[in-house]
$ cat work.txt   # compact mmCIF, C-alpha atoms
# COMPACT_ATOMS: atom_id res chain seq x y z
CA MET A 16 -19.10 38.20 -49.98
CA ALA A 17 -22.07 39.31 -52.02
CA SER A 18 -25.03 37.06 -51.64
CA LEU A 19 -28.23 36.30 -53.38
CA VAL A 20 -31.71 36.13 -51.88
CA CYS A 21 -33.72 33.20 -53.13
CA ASP A 22 -37.51 32.94 -52.78
CA ILE A 23 -39.48 29.88 -53.76
CA VAL A 24 -43.16 30.71 -53.96
CA THR A 25 -46.13 28.48 -54.76
CA PRO A 26 -49.70 29.72 -55.19
CA ALA A 27 -50.53 28.32 -51.76
CA GLN A 28 -47.61 29.74 -49.80
CA GLN A 29 -44.06 30.99 -49.69
CA GLU A 30 -42.04 27.80 -49.46
CA PHE A 31 -38.55 29.14 -48.91
CA SER A 32 -36.70 32.39 -48.52
CA ALA A 33 -33.05 32.75 -47.57
CA GLU A 34 -29.71 34.16 -48.57
CA CYS A 35 -27.48 31.90 -50.56
CA TYR A 36 -24.40 31.68 -52.75
CA MET A 37 -25.81 30.06 -55.83
CA VAL A 38 -29.13 28.81 -57.13
CA ALA A 39 -29.49 26.18 -59.85
CA VAL A 40 -32.84 25.75 -61.58
CA PRO A 41 -34.17 23.43 -64.29
CA GLY A 42 -34.91 25.90 -67.10
CA GLU A 43 -37.09 24.82 -69.97
CA SER A 44 -34.11 24.92 -72.31
CA GLY A 45 -31.60 23.49 -69.85
CA HIS A 46 -30.27 23.85 -66.33
CA MET A 47 -29.13 27.28 -65.24
CA GLY A 48 -27.17 28.53 -62.26
CA PHE A 49 -27.34 32.02 -60.84
CA MET A 50 -24.79 33.78 -58.71
CA PRO A 51 -24.83 37.30 -57.25
CA GLY A 52 -24.68 39.97 -59.93
CA HIS A 53 -26.29 37.83 -62.60
CA ALA A 54 -27.85 39.78 -65.47
CA PRO A 55 -31.64 40.23 -65.23
CA LEU A 56 -33.27 37.13 -66.64
CA MET A 57 -36.65 35.57 -66.87
CA SER A 58 -37.32 32.01 -67.87
CA THR A 59 -39.93 29.32 -67.84
CA LEU A 60 -39.05 26.25 -65.83
CA ALA A 61 -39.37 22.55 -66.51
CA ASP A 62 -40.28 20.03 -63.81
CA GLY A 63 -37.25 19.19 -61.74
CA GLU A 64 -34.99 20.08 -58.92
CA VAL A 65 -34.06 23.54 -57.66
CA ARG A 66 -30.75 23.42 -55.83
CA ILE A 67 -29.58 26.05 -53.42
CA PHE A 68 -25.93 26.39 -52.38
CA SER A 69 -25.17 28.22 -49.18
CA ASP A 70 -21.49 28.46 -50.23
CA ALA A 71 -19.39 27.20 -53.10
CA ASN A 72 -19.16 23.64 -51.79
CA THR A 73 -22.34 23.16 -49.79
CA LEU A 74 -25.59 22.11 -51.32
CA SER A 75 -27.87 23.30 -48.54
CA HIS A 76 -31.37 22.82 -49.92
CA ARG A 77 -33.01 20.82 -52.65
CA PHE A 78 -36.58 21.34 -53.77
CA ALA A 79 -38.68 19.33 -56.16
CA CYS A 80 -40.65 21.81 -58.27
CA GLN A 81 -43.27 21.48 -60.94
CA GLY A 82 -43.21 23.97 -63.78
CA GLY A 83 -43.29 27.70 -63.21
CA TYR A 84 -40.99 30.61 -63.80
CA VAL A 85 -37.84 32.14 -62.49
CA GLN A 86 -37.03 35.80 -62.34
CA VAL A 87 -33.51 36.97 -61.64
CA THR A 88 -32.35 40.42 -60.79
CA GLY A 89 -28.78 41.09 -59.67
CA GLU A 90 -29.45 40.30 -56.03
CA LYS A 91 -32.64 38.30 -56.01
CA VAL A 92 -33.95 35.06 -57.51
CA ILE A 93 -37.69 34.45 -57.40
CA VAL A 94 -38.89 30.99 -58.31
CA LEU A 95 -42.63 30.84 -58.95
CA THR A 96 -43.71 27.26 -59.22
CA ASP A 97 -46.96 25.32 -59.16
CA ARG A 98 -45.78 22.93 -56.47
CA ALA A 99 -42.66 22.68 -54.39
CA VAL A 100 -41.52 20.12 -51.84
CA PRO A 101 -38.16 19.87 -50.04
CA ALA A 102 -36.37 16.88 -51.58
CA ASP A 103 -35.47 15.43 -48.15
CA SER A 104 -39.08 15.19 -47.12
CA ILE A 105 -40.22 13.09 -50.08
CA ASP A 106 -41.66 9.82 -48.87
CA THR A 107 -40.79 7.32 -51.62
CA ALA A 108 -43.28 4.68 -50.52
CA ASP A 109 -46.07 7.23 -50.42
CA VAL A 110 -45.12 8.62 -53.83
CA SER A 111 -45.07 5.15 -55.40
CA ALA A 112 -48.49 4.39 -53.95
CA LYS A 113 -49.91 7.66 -55.27
CA LEU A 114 -48.27 7.10 -58.63
CA ALA A 115 -49.88 3.69 -58.93
CA GLU A 116 -53.23 5.15 -57.92
CA VAL A 117 -53.08 7.91 -60.52
CA GLU A 118 -51.95 5.45 -63.18
CA SER A 119 -54.85 3.12 -62.48
CA LYS A 120 -57.30 6.02 -62.52
CA LEU A 121 -55.89 7.20 -65.83
CA ALA A 122 -56.16 3.72 -67.28
CA ALA A 123 -59.81 3.58 -66.26
CA LEU A 124 -60.66 6.84 -68.03
CA GLU A 125 -61.33 6.92 -71.70
CA GLU A 126 -59.33 9.07 -74.11
CA GLY A 127 -60.29 12.71 -74.16
CA ALA A 128 -62.08 12.76 -70.81
CA PRO A 129 -61.77 16.21 -69.21
CA GLU A 130 -60.41 14.75 -65.95
CA ARG A 131 -57.41 13.39 -67.79
CA SER A 132 -55.48 16.66 -67.87
CA VAL A 133 -55.57 17.00 -64.08
CA LEU A 134 -54.50 13.39 -63.58
CA GLU A 135 -51.72 13.65 -66.13
CA TYR A 136 -50.51 16.72 -64.35
CA ASP A 137 -50.43 14.76 -61.08
CA LEU A 138 -48.70 11.89 -62.82
CA ARG A 139 -45.91 14.16 -64.01
CA TRP A 140 -45.51 15.51 -60.51
CA TYR A 141 -45.20 12.10 -58.87
CA ARG A 142 -42.75 10.93 -61.52
CA THR A 143 -40.64 14.02 -60.87
CA LEU A 144 -40.75 13.34 -57.14
CA GLN A 145 -39.73 9.73 -57.64
CA GLN A 146 -36.86 10.70 -59.89
CA ILE A 147 -35.55 13.29 -57.46
CA ALA A 148 -35.90 11.03 -54.45
CA SER A 149 -33.97 8.25 -56.15
CA ALA A 150 -31.20 10.56 -57.37
CA MET B 27 -104.13 38.40 -23.31
CA PRO B 28 -101.72 35.57 -24.25
CA ASN B 29 -101.31 32.91 -21.64
CA LEU B 30 -98.14 32.44 -19.66
CA HIS B 31 -97.41 29.06 -21.09
CA ASP B 32 -97.24 30.35 -24.67
CA LEU B 33 -94.95 33.17 -23.64
CA GLU B 34 -92.66 30.81 -21.84
CA ARG B 35 -92.44 28.64 -24.90
CA ARG B 36 -91.55 31.58 -27.10
CA ILE B 37 -88.84 32.74 -24.73
CA ASN B 38 -87.34 29.26 -24.74
CA SER B 39 -87.40 29.05 -28.49
CA VAL B 40 -85.72 32.44 -28.93
CA ASN B 41 -83.13 31.40 -26.37
CA SER B 42 -82.25 28.25 -28.21
CA THR B 43 -81.98 30.13 -31.49
CA LYS B 44 -79.68 32.55 -29.76
CA GLN B 45 -77.50 29.68 -28.64
CA ILE B 46 -77.11 28.54 -32.22
CA THR B 47 -76.33 31.99 -33.61
CA ARG B 48 -73.83 32.66 -30.86
CA THR B 49 -72.05 29.40 -31.53
CA MET B 50 -71.95 30.12 -35.25
CA GLU B 51 -70.54 33.54 -34.51
CA MET B 52 -67.73 32.04 -32.48
CA VAL B 53 -67.00 29.35 -35.05
CA ALA B 54 -66.84 31.94 -37.83
CA ALA B 55 -64.57 34.14 -35.72
CA ALA B 56 -62.18 31.23 -35.27
CA LYS B 57 -62.23 30.43 -38.98
CA ILE B 58 -61.53 34.01 -40.05
CA ARG B 59 -58.01 33.66 -38.79
CA LYS B 60 -57.27 30.59 -40.83
CA ALA B 61 -58.89 32.05 -43.94
CA THR B 62 -57.00 35.34 -43.77
CA ASP B 63 -53.74 33.45 -43.18
CA ARG B 64 -54.40 31.62 -46.39
CA VAL B 65 -54.98 34.88 -48.25
CA ASP B 66 -51.70 36.21 -46.87
CA ALA B 67 -49.89 33.05 -47.91
CA ALA B 68 -51.25 33.31 -51.44
CA THR B 69 -50.39 36.98 -51.83
CA PRO B 70 -46.61 36.75 -52.49
CA TYR B 71 -47.21 34.50 -55.49
CA ALA B 72 -49.92 36.72 -56.93
CA GLU B 73 -47.77 39.80 -56.47
CA SER B 74 -44.64 38.31 -57.98
CA MET B 75 -46.76 37.04 -60.83
CA SER B 76 -48.17 40.44 -61.73
CA GLU B 77 -44.76 42.00 -61.31
CA MET B 78 -43.23 39.46 -63.68
CA LEU B 79 -46.00 39.88 -66.18
CA GLY B 80 -45.60 43.64 -65.98
CA ASN B 81 -41.88 43.24 -66.66
CA VAL B 82 -42.43 41.00 -69.65
CA ALA B 83 -45.17 43.23 -70.99
CA GLU B 84 -42.84 46.16 -70.77
CA SER B 85 -39.71 44.54 -72.12
CA ALA B 86 -41.33 42.57 -74.90
CA GLY B 87 -42.87 45.74 -76.34
CA ASN B 88 -45.28 44.88 -79.08
CA LEU B 89 -47.32 42.08 -77.61
CA GLU B 90 -49.46 39.71 -79.51
CA ASN B 91 -51.32 37.03 -77.70
CA ALA B 92 -54.84 35.68 -77.97
CA LEU B 93 -55.46 36.43 -74.30
CA LEU B 94 -54.46 40.07 -74.65
CA ALA B 95 -56.44 40.80 -77.80
CA THR B 96 -59.85 42.34 -77.26
CA HIS B 97 -62.69 40.96 -79.34
CA ASP B 98 -64.41 43.66 -81.38
CA ASP B 99 -67.90 42.38 -80.90
CA GLU B 100 -68.97 41.43 -77.38
CA LYS B 101 -71.52 38.78 -78.15
CA ASN B 102 -70.84 36.22 -75.45
CA ILE B 103 -69.91 36.99 -71.92
CA LEU B 104 -68.90 34.58 -69.19
CA TYR B 105 -69.47 35.54 -65.58
CA ILE B 106 -67.67 33.71 -62.80
CA ALA B 107 -69.76 34.08 -59.64
CA VAL B 108 -67.88 33.15 -56.48
CA VAL B 109 -70.14 32.61 -53.47
CA SER B 110 -70.59 30.15 -50.64
CA ASP B 111 -72.11 26.71 -50.23
CA ARG B 112 -73.95 27.80 -47.15
CA GLY B 113 -76.23 30.63 -46.23
CA LEU B 114 -76.65 32.49 -42.93
CA ALA B 115 -73.99 34.99 -43.88
CA GLY B 116 -76.08 38.12 -44.33
CA GLY B 117 -75.89 39.69 -47.76
CA PHE B 118 -72.74 37.78 -48.68
CA ASN B 119 -74.25 35.49 -51.29
CA SER B 120 -77.12 37.64 -52.50
CA ASN B 121 -74.91 40.67 -53.22
CA VAL B 122 -72.86 38.72 -55.72
CA LEU B 123 -75.76 36.75 -57.14
CA ARG B 124 -77.99 39.75 -57.67
CA HIS B 125 -75.17 41.70 -59.24
CA VAL B 126 -74.45 38.88 -61.68
CA GLU B 127 -78.13 38.45 -62.47
CA ARG B 128 -78.47 42.15 -63.25
CA GLU B 129 -75.41 42.00 -65.49
CA VAL B 130 -76.76 38.96 -67.28
CA HIS B 131 -80.05 40.71 -67.94
CA ALA B 132 -78.28 43.85 -69.08
CA ALA B 133 -76.16 41.78 -71.46
CA ARG B 134 -79.24 40.07 -72.83
CA ALA B 135 -80.92 43.44 -73.34
CA ARG B 136 -77.91 44.45 -75.44
CA GLY B 137 -78.44 41.34 -77.51
CA ALA B 138 -75.46 39.46 -76.08
CA ASN B 139 -75.41 36.00 -74.56
CA ALA B 140 -74.27 35.49 -71.03
CA ARG B 141 -73.36 32.34 -69.17
CA VAL B 142 -72.23 31.77 -65.64
CA VAL B 143 -69.65 29.66 -63.84
CA ALA B 144 -71.20 28.97 -60.45
CA CYS B 145 -68.81 28.43 -57.53
CA GLY B 146 -70.82 27.47 -54.48
CA LYS B 147 -74.13 25.65 -54.01
CA LYS B 148 -75.99 28.89 -53.46
CA ALA B 149 -75.06 30.10 -56.92
CA ILE B 150 -76.12 26.83 -58.54
CA THR B 151 -79.63 26.88 -57.06
CA TYR B 152 -80.05 30.61 -57.63
CA PHE B 153 -79.21 30.53 -61.32
CA ASP B 154 -80.91 27.21 -61.97
CA PHE B 155 -84.14 28.59 -60.59
CA ARG B 156 -83.86 31.67 -62.78
CA LYS B 157 -83.07 29.63 -65.89
CA ILE B 158 -79.70 31.26 -66.42
CA GLU B 159 -77.37 28.99 -68.28
CA LEU B 160 -74.50 27.56 -66.26
CA ASP B 161 -71.19 26.61 -67.79
CA LEU B 162 -69.34 24.97 -64.93
CA THR B 163 -70.45 24.34 -61.37
CA PHE B 164 -68.47 23.75 -58.21
CA LYS B 165 -69.83 22.80 -54.84
CA ASP B 166 -68.63 21.73 -51.41
CA GLN B 167 -65.37 23.60 -51.65
CA SER B 168 -66.22 27.22 -50.97
CA ALA B 169 -64.68 27.06 -47.50
CA ASP B 170 -61.48 25.39 -48.72
CA PRO B 171 -60.90 26.44 -52.31
CA THR B 172 -58.37 24.30 -54.13
CA LEU B 173 -55.93 25.12 -56.88
CA ASP B 174 -57.57 22.42 -58.98
CA GLU B 175 -60.81 24.36 -58.93
CA ALA B 176 -59.04 27.52 -60.07
CA LEU B 177 -57.22 25.51 -62.71
CA GLN B 178 -60.43 24.09 -64.12
CA ILE B 179 -62.13 27.47 -64.24
CA SER B 180 -59.18 29.17 -65.85
CA ALA B 181 -58.72 26.35 -68.37
CA ARG B 182 -62.37 26.66 -69.35
CA ALA B 183 -62.21 30.46 -69.58
CA ILE B 184 -59.02 30.44 -71.64
CA GLU B 185 -60.31 27.75 -73.97
CA GLY B 186 -63.59 29.62 -74.41
CA TYR B 187 -61.82 32.88 -75.04
CA THR B 188 -59.31 31.58 -77.56
CA THR B 189 -61.89 29.64 -79.54
CA GLY B 190 -64.11 32.71 -79.68
CA GLU B 191 -66.88 31.09 -77.65
CA TYR B 192 -66.60 33.96 -75.19
CA ASP B 193 -65.63 37.54 -75.86
CA ARG B 194 -65.18 38.62 -72.30
CA VAL B 195 -64.74 36.86 -68.95
CA VAL B 196 -65.72 38.64 -65.77
CA LEU B 197 -65.08 37.56 -62.20
CA VAL B 198 -67.47 38.64 -59.43
CA TYR B 199 -66.66 37.97 -55.78
CA ASN B 200 -66.57 39.42 -52.29
CA HIS B 201 -63.24 40.88 -51.26
CA ALA B 202 -62.40 40.62 -47.56
CA LYS B 203 -61.46 44.21 -46.88
CA ASN B 204 -60.95 43.39 -43.23
CA ALA B 205 -62.42 40.92 -40.77
CA ALA B 206 -65.69 42.82 -40.57
CA GLU B 207 -66.13 44.36 -43.97
CA GLN B 208 -66.69 42.86 -47.39
CA GLN B 209 -66.58 44.57 -50.70
CA LEU B 210 -68.17 43.42 -53.93
CA ARG B 211 -65.55 43.22 -56.65
CA GLU B 212 -65.91 42.83 -60.36
CA GLU B 213 -62.75 42.10 -62.33
CA VAL B 214 -62.29 41.53 -66.01
CA VAL B 215 -60.21 38.36 -66.33
CA LEU B 216 -60.07 38.20 -70.11
CA PRO B 217 -58.93 40.03 -72.13
CA ILE B 218 -55.96 40.74 -69.88
CA ASP B 219 -55.17 44.41 -69.73
CA ALA B 220 -51.41 44.42 -70.26
CA GLU B 221 -51.16 48.17 -70.06
CA ALA B 222 -52.58 48.23 -66.56
CA LEU B 223 -49.97 45.65 -65.57
CA ALA B 224 -47.08 47.50 -67.10
CA THR B 225 -47.98 50.84 -65.54
CA PRO B 226 -47.16 50.13 -61.88
CA ALA B 227 -43.69 48.97 -62.88
CA ARG B 228 -43.16 52.10 -64.88
CA VAL B 229 -44.13 54.30 -61.99
CA GLN B 230 -41.38 52.73 -59.92
CA ASP B 231 -38.75 53.58 -62.48
CA GLU B 232 -37.62 56.92 -61.30
CA GLY B 233 -34.51 57.37 -63.40
CA ALA B 234 -34.31 56.74 -67.12
CA GLU B 235 -31.18 54.71 -66.49
CA LYS B 236 -33.04 52.10 -64.53
CA ALA B 237 -35.61 51.80 -67.27
CA VAL B 238 -32.87 51.01 -69.75
CA LEU B 239 -31.48 48.33 -67.44
CA GLN B 240 -34.88 46.72 -67.09
CA GLY B 241 -35.27 46.62 -70.82
CA ASP B 242 -32.12 44.51 -70.99
CA SER B 243 -33.69 41.54 -69.29
CA ILE B 244 -32.82 38.20 -70.86
CA PHE B 245 -35.69 35.88 -71.72
CA GLU B 246 -35.34 32.13 -71.91
CA PRO B 247 -36.37 30.70 -74.39
CA ASP B 248 -37.70 34.09 -75.63
CA ALA B 249 -40.10 36.83 -74.56
CA GLU B 250 -43.06 35.43 -76.51
CA SER B 251 -42.80 31.94 -75.04
CA VAL B 252 -42.44 33.30 -71.54
CA LEU B 253 -45.49 35.45 -72.09
CA ASP B 254 -47.44 32.56 -73.60
CA SER B 255 -46.97 30.47 -70.51
CA LEU B 256 -47.19 33.36 -68.05
CA LEU B 257 -50.60 34.61 -69.16
CA PRO B 258 -52.61 31.45 -68.44
CA ALA B 259 -50.85 31.12 -65.11
CA TYR B 260 -51.77 34.71 -64.36
CA VAL B 261 -55.44 34.00 -65.06
CA LYS B 262 -55.28 30.97 -62.80
CA THR B 263 -53.65 32.97 -60.03
CA MET B 264 -56.24 35.71 -60.34
CA ILE B 265 -59.07 33.19 -59.98
CA TYR B 266 -57.43 31.32 -57.13
CA HIS B 267 -56.88 34.56 -55.31
CA ALA B 268 -60.54 35.47 -55.74
CA LEU B 269 -61.62 32.08 -54.36
CA VAL B 270 -59.41 32.38 -51.32
CA ASP B 271 -60.37 35.98 -50.75
CA SER B 272 -64.03 35.11 -50.99
CA ALA B 273 -63.61 32.28 -48.47
CA ALA B 274 -62.16 34.77 -45.99
CA ALA B 275 -64.93 37.27 -46.70
CA GLU B 276 -67.53 34.56 -46.14
CA GLN B 277 -66.37 33.91 -42.59
CA GLY B 278 -66.28 37.63 -41.90
CA ALA B 279 -69.76 38.13 -43.28
CA ARG B 280 -71.08 35.18 -41.31
CA ARG B 281 -69.63 36.46 -38.09
CA THR B 282 -71.15 39.90 -38.56
CA ALA B 283 -74.52 38.43 -39.50
CA MET B 284 -74.53 36.04 -36.56
CA LYS B 285 -73.44 38.76 -34.19
CA SER B 286 -76.40 40.92 -35.10
CA ALA B 287 -78.70 37.90 -34.95
CA THR B 288 -77.48 37.19 -31.42
CA ASP B 289 -77.97 40.83 -30.45
CA ASN B 290 -81.49 40.79 -31.86
CA ALA B 291 -82.31 37.59 -30.01
CA ASN B 292 -81.10 39.14 -26.78
CA GLU B 293 -83.30 42.15 -27.29
CA MET B 294 -86.27 39.97 -28.11
CA VAL B 295 -85.82 37.80 -25.04
CA GLU B 296 -85.68 40.94 -22.93
CA THR B 297 -88.95 42.30 -24.35
CA LEU B 298 -90.66 38.95 -24.04
CA GLN B 299 -89.47 38.49 -20.50
CA ARG B 300 -90.85 41.89 -19.54
CA PHE B 301 -94.16 41.09 -21.16
CA TYR B 302 -94.21 37.72 -19.42
CA ASN B 303 -93.69 39.41 -16.04
CA ARG B 304 -96.44 41.89 -16.72
CA VAL B 305 -98.89 39.17 -17.68
CA ARG B 306 -97.97 37.13 -14.62
CA GLN B 307 -98.37 40.16 -12.33
CA GLY B 308 -101.68 40.92 -14.01
CA ALA B 309 -102.88 37.39 -13.29
CA ILE B 310 -101.85 37.65 -9.64
CA THR B 311 -103.60 41.00 -9.24
CA THR B 312 -106.78 39.60 -10.73
CA GLU B 313 -106.62 36.62 -8.42
CA ILE B 314 -106.14 38.80 -5.30
CA ASN B 315 -108.98 41.02 -6.39
CA GLU B 316 -111.19 37.97 -6.73
CA ILE B 317 -110.25 36.66 -3.27
CA VAL B 318 -110.76 40.05 -1.66
CA GLY B 319 -114.04 40.43 -3.47
CA GLY B 320 -115.14 36.95 -2.40
CA ALA B 321 -114.19 37.53 1.25
CA ALA B 322 -116.03 40.86 1.27
CA ALA B 323 -119.13 39.16 -0.11
CA LEU B 324 -119.03 36.55 2.68
CA GLU B 325 -118.78 39.19 5.41
CA GLU B 326 -121.96 40.89 4.33
$ encode --input "work.txt" --output "structure tokens"
Amino acid sequence: MASLVCDIVTPAQQEFSAECYMVAVPGESGHMGFMPGHAPLMSTLADGEVRIFSDANTLSHRFACQGGYVQVTGEKVIVLTDRAVPADSIDTADVSAKLAEVESKLAALEEGAPERSVLEYDLRWYRTLQQIASA
Amino acid sequence: MPNLHDLERRINSVNSTKQITRTMEMVAAAKIRKATDRVDAATPYAESMSEMLGNVAESAGNLENALLATHDDEKNILYIAVVSDRGLAGGFNSNVLRHVEREVHAARARGANARVVACGKKAITYFDFRKIELDLTFKDQSADPTLDEALQISARAIEGYTTGEYDRVVLVYNHAKNAAEQQLREEVVLPIDAEALATPARVQDEGAEKAVLQGDSIFEPDAESVLDSLLPAYVKTMIYHALVDSAAAEQGARRTAMKSATDNANEMVETLQRFYNRVRQGAITTEINEIVGGAAALEE
């Protein structure tokens, strides 16, 4: 059976690399799935979950990813993302605490402060994590 | 002739300096490993990023983007100087700082304005003292550069470039060629040279058939949007890579500098010790001579 190599890379490190059957990613204009032999494609990604299937019925890995890009050639899928965390390792209590912290910090800042963009970025990330963990 | 006590004190002081430099050498040697691991970990992303950008640049053909367009008149230049928070690393900091200072002066001589983003305490004090205008400053993170830092710098550079506040953004840092050698690098961040990116990909295309296949790439939502979001990310990656690379180079430079300091201290202790022995022997000889002389005087 033909297989697909999937790499998930963040600026800090290579998060994941393995052979798989299918990869599903949250594209900016909707979810997409790739199987071996897919036409070359390049897309921007939304925040969400990258799912990796080791065969047709087994969802072997789930990653929470923030933004980024995906590049597909016939035999390889490269996911470049700002942050990636395996969905199983998300600590819901920790995420909720961080979310509350970021929210309170944001509330304390006035509109248009330069720190806001970084905090809002974090906020989006923690919300994504929470959503994926609860799914 | 200096007295023995002074010499002894000097030997002790050189010895204790040597202890410090030797410890710093060992600490730096241990940190090199971690720093180069981080560079290696960051490399796949940077490589895939340039490859992707090269692909888009090639497939999308006629590219129009504010970050790719060169400004006709170079009136305002932004230099990003990446150095360390701490000294005692040989020429590590001063190479970058002096280079940037020279460039700033050259730009001013041409009638252009130049400002600097200072990463590292050493850069802040250096440019402050020389009254060179700073745009952004970062301190206390040269050893562990964060993505946030790179994000802030790139956001500032991109904003400045698109609004026309800057006409060129240049990055200056030390590249860790290997554990012992550093290399001063100057890279133009903005405008992005799309042709340079597209070329390596083209070289790989040996057959014309493959080139046609590559051109058939699908873009979601479309090539322009992908490019629009890819370019800023590319700038960020470039800066992050420079920060990480510089952190590795810093440890390398510090180790080399501390190694030669330790060697010099060793040599100095040796010379001083020899001198000390000579002085002590001289004192003993004088004393014996005096005793012999005294005894001879009594006999007469």
$ atom_distance --input "work.txt" --atom1 "atom CA of Leu160 of chain B" --atom2 "atom CA of Met264 of chain B"
20.9 Å
$ closest_residue --input "work.txt" --among "A:Ala108, A:Leu19, A:Met57, A:Val85" --to "chain B" --atoms "only C-alpha atoms"
A:Met57
$ closest_atom_pairs --input "work.txt" --of "chain B" --to "chain A" --cutoff "7 Å" --atoms "only C-alpha atoms" --output "JSON lines"
{"residue": "B:Ala67", "atom": "CA", "partner": "A:Gln28", "partner_atom": "CA", "distance": 4.4}
{"residue": "B:Ala68", "atom": "CA", "partner": "A:Ala27", "partner_atom": "CA", "distance": 5.1}
{"residue": "B:Pro70", "atom": "CA", "partner": "A:Gln29", "partner_atom": "CA", "distance": 6.9}
{"residue": "B:Tyr71", "atom": "CA", "partner": "A:Pro26", "partner_atom": "CA", "distance": 5.4}
{"residue": "B:Ser243", "atom": "CA", "partner": "A:Pro55", "partner_atom": "CA", "distance": 4.7}
{"residue": "B:Ile244", "atom": "CA", "partner": "A:Leu56", "partner_atom": "CA", "distance": 4.4}
{"residue": "B:Phe245", "atom": "CA", "partner": "A:Met57", "partner_atom": "CA", "distance": 5.0}
{"residue": "B:Glu246", "atom": "CA", "partner": "A:Ser58", "partner_atom": "CA", "distance": 4.5}
{"residue": "B:Pro247", "atom": "CA", "partner": "A:Ser44", "partner_atom": "CA", "distance": 6.5}
{"residue": "B:Val252", "atom": "CA", "partner": "A:Thr59", "partner_atom": "CA", "distance": 6.0}
$ closest_residue --input "work.txt" --among "B:Thr282, B:Ser120, B:Thr297, B:Asn303" --to "Val108 of chain B" --atoms "only C-alpha atoms"
B:Ser120
$ residues_around --input "work.txt" --residues "Leu114 of chain B" --least-positions-apart "4" --cutoff "10 Å" --atoms "all atoms listed in the file" --output "PyMOL selection string"
chain B and resi 47+50+118-119+276+279-281+283-284+287
$ residues_around --input "work.txt" --residues "Val198 of chain B" --least-positions-apart "6" --cutoff "7 Å" --atoms "all atoms listed in the file" --output "JSON, numbers by chain"
{"B": [106, 107, 108, 122, 211, 212, 213]}
$ closest_residue --input "work.txt" --among "B:Leu93, B:Ile158, B:Val215, B:Ala54" --to "Thr263 of chain B" --atoms "only C-alpha atoms"
B:Val215
$ closest_residue --input "work.txt" --among "A:Pro51, A:Arg142, A:Leu121, A:Ile147" --to "Phe78 of chain A" --atoms "only C-alpha atoms"
A:Ile147
$ residues_around --input "work.txt" --residues "Lys147 of chain B" --least-positions-apart "4" --cutoff "9 Å" --atoms "all atoms listed in the file" --output "count of residues only"
11
$ atom_distance --input "work.txt" --atom1 "atom CA of Leu104 of chain B" --atom2 "atom CA of Glu185 of chain B"
12.0 Å
$ closest_residue --input "work.txt" --among "A:Ser75, A:Ser119, A:Thr143, A:Ser111" --to "Arg98 of chain A" --atoms "all atoms listed in the file"
A:Thr143
$ atom_distance --input "work.txt" --atom1 "atom CA of Arg300 of chain B" --atom2 "atom CA of Asn38 of chain B"
14.1 Å
$ residues_around --input "work.txt" --residues "Ile67 of chain A" --least-positions-apart "6" --cutoff "10 Å" --atoms "all atoms listed in the file" --output "ChimeraX atom specification"
/A:21,33-40,48-49,73-78
$ write_last_selection --input "work.txt" --atoms "C-alpha atoms" --output "PDB file, in the frame of the given file"
ATOM      1  CA  CYS A  21     -33.720  33.200 -53.130  1.00  0.00           C
ATOM      2  CA  ALA A  33     -33.050  32.750 -47.570  1.00  0.00           C
ATOM      3  CA  GLU A  34     -29.710  34.160 -48.570  1.00  0.00           C
ATOM      4  CA  CYS A  35     -27.480  31.900 -50.560  1.00  0.00           C
ATOM      5  CA  TYR A  36     -24.400  31.680 -52.750  1.00  0.00           C
ATOM      6  CA  MET A  37     -25.810  30.060 -55.830  1.00  0.00           C
ATOM      7  CA  VAL A  38     -29.130  28.810 -57.130  1.00  0.00           C
ATOM      8  CA  ALA A  39     -29.490  26.180 -59.850  1.00  0.00           C
ATOM      9  CA  VAL A  40     -32.840  25.750 -61.580  1.00  0.00           C
ATOM     10  CA  GLY A  48     -27.170  28.530 -62.260  1.00  0.00           C
ATOM     11  CA  PHE A  49     -27.340  32.020 -60.840  1.00  0.00           C
ATOM     12  CA  THR A  73     -22.340  23.160 -49.790  1.00  0.00           C
ATOM     13  CA  LEU A  74     -25.590  22.110 -51.320  1.00  0.00           C
ATOM     14  CA  SER A  75     -27.870  23.300 -48.540  1.00  0.00           C
ATOM     15  CA  HIS A  76     -31.370  22.820 -49.920  1.00  0.00           C
ATOM     16  CA  ARG A  77     -33.010  20.820 -52.650  1.00  0.00           C
ATOM     17  CA  PHE A  78     -36.580  21.340 -53.770  1.00  0.00           C
TER      18      PHE A  78
END
$ axis_aligned_box --input "work.txt" --around "segment 119-135 of chain A" --padding-each-side "5 Å" --output "lines of an AutoDock Vina configuration file"
center_x = -56.9
center_y = 10.1
center_z = -68.3
size_x = 20.4
size_y = 23.9
size_z = 21.7
$ closest_residue --input "work.txt" --among "B:Ile103, B:Val53, B:Ala268, B:Ile317" --to "Gly190 of chain B" --atoms "all atoms listed in the file"
B:Ile103
$ residues_around --input "work.txt" --residues "Ile184 of chain B" --least-positions-apart "3" --cutoff "10 Å" --atoms "only C-alpha atoms" --output "VMD selection string"
chain B and resid 92 to 93 178 to 181 187 to 192 195 215 to 217 257 to 258 261 to 262
